[in-house]
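Asks: File follows, model-v4.cif with mmCIF, C-alpha atoms:
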data_coords
loop_
_atom_site.label_atom_id
_atom_site.label_comp_id
_atom_site.auth_asym_id
_atom_site.auth_seq_id
_atom_site.Cartn_x
_atom_site.Cartn_y
_atom_site.Cartn_z
CA MET A 1 470.68 152.06 -95.83
CA THR A 2 473.08 149.39 -96.98
CA THR A 3 472.38 146.76 -99.62
CA TYR A 4 473.23 143.19 -98.67
CA ILE A 5 473.21 139.86 -100.40
CA SER A 6 472.33 136.84 -98.28
CA ILE A 7 473.16 133.42 -99.61
CA LEU A 8 471.44 130.46 -97.99
CA ARG A 9 473.06 127.07 -97.92
CA GLY A 10 471.21 123.93 -98.89
CA ILE A 11 467.63 125.01 -99.51
CA ASN A 12 465.47 123.70 -102.36
CA VAL A 13 468.10 121.11 -103.30
CA SER A 14 466.96 117.56 -104.10
CA GLY A 15 463.60 118.19 -102.46
CA GLN A 16 465.17 119.12 -99.13
CA LYS A 17 464.47 122.19 -96.99
CA LEU A 18 461.88 123.55 -99.37
CA ILE A 19 461.18 127.26 -99.11
CA LYS A 20 459.03 129.24 -101.51
CA MET A 21 460.70 132.50 -102.45
CA ASP A 22 457.58 134.65 -101.94
CA VAL A 23 457.24 133.33 -98.39
CA LEU A 24 460.96 133.86 -97.78
CA ARG A 25 460.66 137.48 -98.96
CA LYS A 26 457.84 138.02 -96.45
CA SER A 27 460.01 136.52 -93.72
CA TYR A 28 462.76 139.05 -94.49
CA GLU A 29 460.25 141.89 -94.63
CA SER A 30 458.90 140.89 -91.21
CA LEU A 31 462.36 141.73 -89.86
CA GLY A 32 462.05 145.28 -91.21
CA PHE A 33 464.29 144.77 -94.22
CA GLU A 34 463.43 146.72 -97.36
CA ASN A 35 463.78 146.18 -101.11
CA VAL A 36 463.74 142.43 -100.56
CA ALA A 37 464.29 140.52 -103.80
CA THR A 38 465.16 136.93 -104.58
CA TYR A 39 467.10 135.47 -107.46
CA LEU A 40 466.38 131.92 -108.57
CA GLN A 41 465.04 129.32 -106.13
CA SER A 42 468.33 128.49 -104.43
CA GLY A 43 468.39 131.03 -101.61
CA ASN A 44 469.82 134.23 -103.03
CA ILE A 45 468.16 137.17 -101.32
CA LEU A 46 468.98 140.84 -101.66
CA PHE A 47 467.77 143.44 -99.18
CA THR A 48 468.52 146.81 -97.67
CA CYS A 49 468.68 147.71 -94.00
CA ARG A 50 470.46 149.93 -91.51
CA GLU A 51 472.22 147.06 -89.71
CA THR A 52 475.89 146.89 -90.64
CA GLY A 53 477.18 143.73 -88.98
CA THR A 54 477.13 140.86 -91.44
CA ASP A 55 477.66 138.21 -88.75
CA ALA A 56 474.76 139.61 -86.73
CA LEU A 57 472.57 139.72 -89.82
CA ALA A 58 473.44 136.13 -90.68
CA GLN A 59 472.46 134.99 -87.16
CA ILE A 60 469.20 136.99 -87.25
CA LEU A 61 468.27 135.53 -90.62
CA SER A 62 469.19 131.98 -89.70
CA ARG A 63 467.14 132.23 -86.50
CA GLN A 64 464.14 133.69 -88.39
CA ILE A 65 464.28 130.94 -91.02
CA GLU A 66 464.27 128.34 -88.27
CA ILE A 67 461.24 130.00 -86.65
CA ASP A 68 459.33 130.44 -89.92
CA PHE A 69 460.26 127.21 -91.71
CA GLY A 70 461.37 124.81 -88.98
CA PHE A 71 464.88 123.98 -90.06
CA ASP A 72 468.40 125.26 -89.59
CA VAL A 73 469.86 126.97 -92.64
CA PRO A 74 473.33 128.50 -92.65
CA VAL A 75 473.29 132.03 -94.05
CA ILE A 76 476.20 134.05 -95.42
CA VAL A 77 475.65 137.81 -95.69
CA LEU A 78 477.77 140.12 -97.84
CA PRO A 79 477.56 143.85 -98.47
CA VAL A 80 477.67 144.83 -102.14
CA ASP A 81 481.27 146.04 -101.94
CA LYS A 82 482.43 142.67 -100.58
CA LEU A 83 480.66 140.82 -103.40
CA GLN A 84 482.28 143.21 -105.89
CA GLN A 85 485.68 142.48 -104.33
CA ILE A 86 485.12 138.72 -104.59
CA ILE A 87 484.17 139.06 -108.25
CA ASP A 88 487.12 141.35 -109.00
CA HIS A 89 489.61 138.92 -107.46
CA ASN A 90 488.64 135.80 -109.40
CA PRO A 91 491.99 134.74 -110.88
CA PHE A 92 490.43 132.60 -113.60
CA VAL A 93 488.42 135.36 -115.30
CA LYS A 94 491.53 136.96 -116.75
CA GLU A 95 492.61 133.70 -118.41
CA SER A 96 491.25 133.70 -121.96
CA ASP A 97 491.34 129.91 -122.19
CA LYS A 98 488.81 129.52 -119.35
CA ASP A 99 485.17 129.00 -120.28
CA LYS A 100 483.27 131.12 -117.73
CA THR A 101 480.40 128.64 -117.64
CA PHE A 102 482.67 126.35 -115.63
CA LEU A 103 483.58 128.96 -112.99
CA HIS A 104 482.17 128.74 -109.48
CA VAL A 105 482.63 130.67 -106.25
CA THR A 106 482.37 129.05 -102.85
CA PHE A 107 481.54 131.81 -100.38
CA LEU A 108 483.03 131.34 -96.91
CA SER A 109 481.33 132.46 -93.70
CA SER A 110 484.66 133.35 -92.13
CA ILE A 111 488.36 133.25 -92.81
CA PRO A 112 489.56 129.65 -92.59
CA GLY A 113 492.14 128.79 -89.98
CA LYS A 114 494.95 126.38 -90.68
CA TYR A 115 494.13 123.84 -93.37
CA ASP A 116 495.94 121.27 -95.48
CA LEU A 117 496.19 122.78 -98.98
CA ASN A 118 497.86 119.63 -100.34
CA ALA A 119 494.90 117.49 -99.25
CA ILE A 120 492.54 119.86 -101.03
CA GLN A 121 494.68 120.02 -104.17
CA ALA A 122 494.86 116.22 -104.23
CA ARG A 123 491.08 116.08 -104.86
CA LYS A 124 491.33 118.02 -108.11
CA GLN A 125 490.39 116.12 -111.23
CA GLU A 126 491.95 116.60 -114.65
CA GLY A 127 491.70 120.21 -115.79
CA GLU A 128 490.31 121.53 -112.51
CA GLU A 129 491.78 124.49 -110.72
CA ILE A 130 491.19 125.92 -107.27
CA TYR A 131 492.26 129.17 -105.62
CA ILE A 132 491.51 129.87 -101.96
CA THR A 133 491.28 133.33 -100.39
CA GLY A 134 490.09 134.54 -97.02
CA ASN A 135 486.44 134.86 -97.99
CA ALA A 136 486.01 132.77 -101.13
CA VAL A 137 487.20 129.73 -103.02
CA TYR A 138 487.39 130.05 -106.77
CA LEU A 139 486.81 126.90 -108.77
CA TYR A 140 487.29 126.05 -112.39
CA CYS A 141 485.55 122.75 -113.13
CA PRO A 142 485.68 122.05 -116.89
CA ASN A 143 484.01 118.66 -116.42
CA GLY A 144 481.09 120.25 -114.54
CA TYR A 145 480.69 121.18 -110.90
CA GLY A 146 478.42 118.18 -110.31
CA ARG A 147 481.29 115.85 -111.19
CA SER A 148 483.93 117.65 -109.17
CA LYS A 149 485.24 116.21 -105.93
CA LEU A 150 485.86 119.80 -104.77
CA SER A 151 482.28 119.92 -103.52
CA ASN A 152 480.86 122.37 -101.04
CA ASN A 153 480.73 119.67 -98.34
CA PHE A 154 484.35 118.72 -98.96
CA LEU A 155 485.54 122.34 -98.78
CA GLU A 156 483.54 122.97 -95.60
CA ALA A 157 485.12 119.93 -93.97
CA LYS A 158 488.68 120.80 -95.01
CA LEU A 159 488.45 124.56 -94.32
CA LYS A 160 486.30 124.11 -91.20
CA VAL A 161 483.95 126.97 -92.11
CA THR A 162 480.39 127.18 -93.38
CA ALA A 163 480.31 127.68 -97.13
CA THR A 164 477.93 127.82 -100.05
CA THR A 165 478.71 127.67 -103.75
CA ARG A 166 477.26 129.59 -106.68
CA ASN A 167 478.12 129.50 -110.35
CA TRP A 168 479.78 132.52 -111.95
CA LYS A 169 476.65 133.67 -113.78
CA THR A 170 474.60 133.73 -110.57
CA THR A 171 477.38 135.48 -108.66
CA ASN A 172 477.53 138.26 -111.24
CA GLU A 173 473.76 138.56 -111.52
CA LEU A 174 473.50 139.03 -107.75
CA LEU A 175 475.87 141.98 -108.04
CA ASN A 176 473.90 143.43 -110.97
CA ILE A 177 470.64 143.24 -109.03
CA ALA A 178 472.22 144.69 -105.88
CA ARG A 179 473.65 147.65 -107.79
CA LYS A 180 470.10 148.71 -108.68
CA TYR A 181 469.44 149.46 -105.00
CA GLU A 182 472.46 151.65 -104.47
#
Show me this structure written as structure tokens.
Replies:
Amino acid sequence: MTTYISILRGINVSGQKLIKMDVLRKSYESLGFENVATYLQSGNILFTCRETGTDALAQILSRQIEIDFGFDVPVIVLPVDKLQQIIDHNPFVKESDKDKTFLHVTFLSSIPGKYDLNAIQARKQEGEEIYITGNAVYLYCPNGYGRSKLSNNFLEAKLKVTATTRNWKTTNELLNIARKYE
């Protein structure tokens, strides 16, 4: 059995696409997944299963959510080792002058194709930093993520991939919870 983290995009935000976590857990369990656990109300679900294809799992979950709840929700699925890799490669963590409460990770559903880095960099506000990799975008937003113009929607449009953003604390807590199932 492999432990996975699934991250749903855009549920329970501003009263839109409301899903209760206990009902979502039951939806995952109906697919035969085990050790299903949720973290917070924003669509962070951990589970174990034998399936090993993250793209296939993401499609299965997205389809099941549409059946059970009636709306399309993009889902990004990561095995624990991939989440660990994303955490380990955050370039801003090593910088002592960075307050970790202003760190965010935008998880990407796939490796972005060609994109205009200058156009993305031009959206940065004073003090902000951004670092793009194949499977994640690392953000440092000292004025608050809610004020940043490097929003999830903007990054999705510029990188042409589905994405969802989590703060650094949530990202690390997902790994801590997942490690308990290994």
Asks: What does the structure give for the distance between atom CA of Arg9 of chain A and atom CA of Asn152 of chain A, in Å to one decimal?
Replies: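 About the pair atom CA of Arg9 of chain A and atom CA of Asn152 of chain A: they are 9.6 Å apart.
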Asks: May I have the protein, DNA and RNA residues with any atom at most 8 Å from the point (468.1, 132.0, -97.4), counting only C-alpha atoms, written as a ChimeraX atom specification?
Replies: /A:6-9,11,24,42-45,61-62,65,73-75
Asks: With the PyMOL selection byres ((chain A and resi 78-91) around 8) as the selection, what would be picked from this file? Answer as a list in words, please.
Replies: Thr2, Thr3, Tyr4, Ile5, Ser6, Thr54, Ile76, Val77, Phe92, Val93, Lys94, Glu95, Tyr131, Asn135, Ala136, Tyr138, Thr171, Asn172, Leu175, Ala178 and Arg179 of chain A
Asks: With C-alpha atoms kept, could you save the residues just selected as a PDB file, in the frame of the given file?
Replies:
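As a result, result.pdb now contains:
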ATOM      1  CA  THR A   2     473.080 149.390 -96.980  1.00  0.00           C
ATOM      2  CA  THR A   3     472.380 146.760 -99.620  1.00  0.00           C
ATOM      3  CA  TYR A   4     473.230 143.190 -98.670  1.00  0.00           C
ATOM      4  CA  ILE A   5     473.210 139.860-100.400  1.00  0.00           C
ATOM      5  CA  SER A   6     472.330 136.840 -98.280  1.00  0.00           C
ATOM      6  CA  THR A  54     477.130 140.860 -91.440  1.00  0.00           C
ATOM      7  CA  ILE A  76     476.200 134.050 -95.420  1.00  0.00           C
ATOM      8  CA  VAL A  77     475.650 137.810 -95.690  1.00  0.00           C
ATOM      9  CA  PHE A  92     490.430 132.600-113.600  1.00  0.00           C
ATOM     10  CA  VAL A  93     488.420 135.360-115.300  1.00  0.00           C
ATOM     11  CA  LYS A  94     491.530 136.960-116.750  1.00  0.00           C
ATOM     12  CA  GLU A  95     492.610 133.700-118.410  1.00  0.00           C
ATOM     13  CA  TYR A 131     492.260 129.170-105.620  1.00  0.00           C
ATOM     14  CA  ASN A 135     486.440 134.860 -97.990  1.00  0.00           C
ATOM     15  CA  ALA A 136     486.010 132.770-101.130  1.00  0.00           C
ATOM     16  CA  TYR A 138     487.390 130.050-106.770  1.00  0.00           C
ATOM     17  CA  THR A 171     477.380 135.480-108.660  1.00  0.00           C
ATOM     18  CA  ASN A 172     477.530 138.260-111.240  1.00  0.00           C
ATOM     19  CA  LEU A 175     475.870 141.980-108.040  1.00  0.00           C
ATOM     20  CA  ALA A 178     472.220 144.690-105.880  1.00  0.00           C
ATOM     21  CA  ARG A 179     473.650 147.650-107.790  1.00  0.00           C
TER      22      ARG A 179
END
Asks: Name the closest residue to Thr162 of chain A among the candidates A:Met1, A:Phe71, A:Cys49, A:Ser109; distances are taken between atoms, counting all atoms listed in the file.
Replies: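 Once distances to Thr162 of chain A are computed over all atoms listed in the file, the minimum belongs to A:Ser109.
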Asks: By how many Å are atom CA of Leu46 of chain A and atom CA of Ser30 of chain A apart?
Replies: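 A separation of 14.5 Å between them.
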Asks: Expressed in Å to a single decimal, how great is the separation between atom CA of Lys149 of chain A and atom CA of Lys17 of chain A?
Replies: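 It comes out at 23.4 Å.
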Asks: For a quick check of understanding, using only C-alpha atoms, which of A:Leu18, A:Val105, A:Leu117, A:Val23 has the smallest distance to Leu159 of chain A?
Replies: A:Leu117
Asks: Can you work out which one of A:Ala56, A:Leu103, A:Ile67, A:Ala163 has the shortest atom-to-atom distance to Asn143 of chain A, counting all atoms listed in the file?
Replies: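 Under the stated criterion, the closest residue is A:Leu103.
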Asks: Using the chain letters and residue numbers of this document, give as a list in words the residues selected by the PyMOL selection byres ((chain A and resi 144) around 12).
Replies: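 On the file shown, the PyMOL selection byres ((chain A and resi 144) around 12) covers Asp99, Lys100, Thr101, Phe102, Leu103, His104, Gln125, Glu126, Gly127, Glu128, Leu139, Tyr140, Cys141, Pro142, Asn143, Tyr145, Gly146, Arg147, Ser148, Lys149, Leu150, Ser151 and Asn167 of chain A.
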Asks: From the set A:Val161, A:Ile177, A:Ile60, A:Ile130, which residue has the shortest atom-to-atom contact distance to Lys114 of chain A, counting all atoms listed in the file?
Replies: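 Once distances to Lys114 of chain A are computed over all atoms listed in the file, the minimum belongs to A:Val161.
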Asks: Using all atoms listed in the file, which of the listed residues (A:Glu173, A:Asp68, A:Glu182, A:Glu129) sits closest to Lys26 of chain A?
Replies: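 Of A:Glu173, A:Asp68, A:Glu182, A:Glu129, the one nearest Lys26 of chain A, counting all atoms listed in the file, is A:Asp68.
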Asks: Taking all atoms listed in the file into account, name the residue in A:Tyr181, A:Tyr28, A:Glu66, A:Thr170 that is nearest to Gln41 of chain A.
Replies: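 Checking each candidate against Gln41 of chain A, we get A:Thr170 as the closest.
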Asks: Could you put an axis-aligned box around every listed atom of segment 20-25 of chain A, padded by 5 Å on each side, and send me its centre and edge lengths in Å to one decimal, as lines of an AutoDock Vina configuration file?
Replies:
center_x = 459.1
center_y = 133.4
center_z = -100.1
size_x = 13.7
size_y = 18.2
size_z = 14.7
Asks: Do a neighbour search on Phe33 of chain A at 9 Å with all atoms listed in the file, toss out local chain neighbours closer than 2 positions, and write the hits as a list in words.
Replies: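 Neighbouring residues, sequence-local ones excluded: Tyr28, Glu29, Ser30, Leu31, Asn35, Val36, Phe47, Thr48, Cys49 and Arg50 of chain A.
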Asks: Generate a file for segment 84-113 of chain A, containing N, CA and C atoms, as a short mmCIF file (atom, residue, chain, number, x, y, z; two decimals), in the first residue's frame.
Replies:
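decode.cif written:
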data_model
loop_
_atom_site.label_atom_id
_atom_site.label_comp_id
_atom_site.auth_asym_id
_atom_site.auth_seq_id
_atom_site.Cartn_x
_atom_site.Cartn_y
_atom_site.Cartn_z
N GLN A 84 7.66 15.08 0.07
CA GLN A 84 8.92 15.29 0.79
C GLN A 84 9.92 16.02 -0.10
N GLN A 85 9.99 15.62 -1.35
CA GLN A 85 10.91 16.26 -2.30
C GLN A 85 10.56 17.74 -2.50
N ILE A 86 9.28 18.03 -2.62
CA ILE A 86 8.84 19.42 -2.79
C ILE A 86 9.23 20.24 -1.57
N ILE A 87 9.02 19.70 -0.40
CA ILE A 87 9.39 20.41 0.83
C ILE A 87 10.90 20.61 0.91
N ASP A 88 11.65 19.58 0.59
CA ASP A 88 13.11 19.64 0.67
C ASP A 88 13.72 20.65 -0.29
N HIS A 89 13.03 20.94 -1.39
CA HIS A 89 13.59 21.81 -2.42
C HIS A 89 13.12 23.26 -2.34
N ASN A 90 12.44 23.62 -1.26
CA ASN A 90 12.00 25.01 -1.13
C ASN A 90 13.24 25.88 -0.89
N PRO A 91 13.57 26.75 -1.84
CA PRO A 91 14.80 27.54 -1.72
C PRO A 91 14.74 28.62 -0.64
N PHE A 92 13.55 28.97 -0.20
CA PHE A 92 13.42 30.06 0.75
C PHE A 92 13.58 29.62 2.20
N VAL A 93 13.44 28.34 2.47
CA VAL A 93 13.53 27.83 3.84
C VAL A 93 14.93 28.03 4.42
N LYS A 94 15.92 27.91 3.58
CA LYS A 94 17.31 28.01 4.03
C LYS A 94 17.73 29.45 4.33
N GLU A 95 16.94 30.41 3.90
CA GLU A 95 17.27 31.81 4.09
C GLU A 95 16.75 32.28 5.45
N SER A 96 17.66 32.60 6.35
CA SER A 96 17.29 32.93 7.72
C SER A 96 16.44 34.20 7.83
N ASP A 97 16.49 35.05 6.83
CA ASP A 97 15.72 36.29 6.90
C ASP A 97 14.27 36.11 6.46
N LYS A 98 13.90 34.92 6.06
CA LYS A 98 12.53 34.66 5.58
C LYS A 98 11.65 34.16 6.72
N ASP A 99 10.55 34.84 6.96
CA ASP A 99 9.57 34.42 7.94
C ASP A 99 8.73 33.31 7.28
N LYS A 100 8.78 32.12 7.82
CA LYS A 100 8.12 30.96 7.21
C LYS A 100 6.60 31.10 7.13
N THR A 101 6.03 32.00 7.91
CA THR A 101 4.58 32.19 7.84
C THR A 101 4.15 32.83 6.52
N PHE A 102 5.11 33.35 5.77
CA PHE A 102 4.79 33.96 4.48
C PHE A 102 5.17 33.08 3.29
N LEU A 103 5.52 31.83 3.57
CA LEU A 103 5.87 30.87 2.51
C LEU A 103 4.64 30.12 2.05
N HIS A 104 4.56 29.91 0.74
CA HIS A 104 3.47 29.15 0.14
C HIS A 104 4.03 28.26 -0.96
N VAL A 105 3.32 27.17 -1.22
CA VAL A 105 3.68 26.27 -2.31
C VAL A 105 2.46 26.13 -3.21
N THR A 106 2.67 26.37 -4.49
CA THR A 106 1.64 26.12 -5.48
C THR A 106 2.00 24.80 -6.14
N PHE A 107 1.16 23.80 -5.92
CA PHE A 107 1.38 22.47 -6.47
C PHE A 107 0.86 22.44 -7.90
N LEU A 108 1.65 21.89 -8.80
CA LEU A 108 1.29 21.83 -10.22
C LEU A 108 0.88 20.41 -10.60
N SER A 109 -0.15 20.31 -11.43
CA SER A 109 -0.65 19.00 -11.84
C SER A 109 0.29 18.32 -12.83
N SER A 110 1.07 19.11 -13.54
CA SER A 110 2.02 18.56 -14.50
C SER A 110 3.13 19.59 -14.72
N ILE A 111 4.16 19.14 -15.40
CA ILE A 111 5.28 20.03 -15.68
C ILE A 111 4.82 21.08 -16.71
N PRO A 112 5.01 22.36 -16.41
CA PRO A 112 4.59 23.38 -17.36
C PRO A 112 5.42 23.33 -18.64
N GLY A 113 4.78 23.64 -19.73
CA GLY A 113 5.50 23.77 -20.99
C GLY A 113 6.22 25.11 -21.02
#
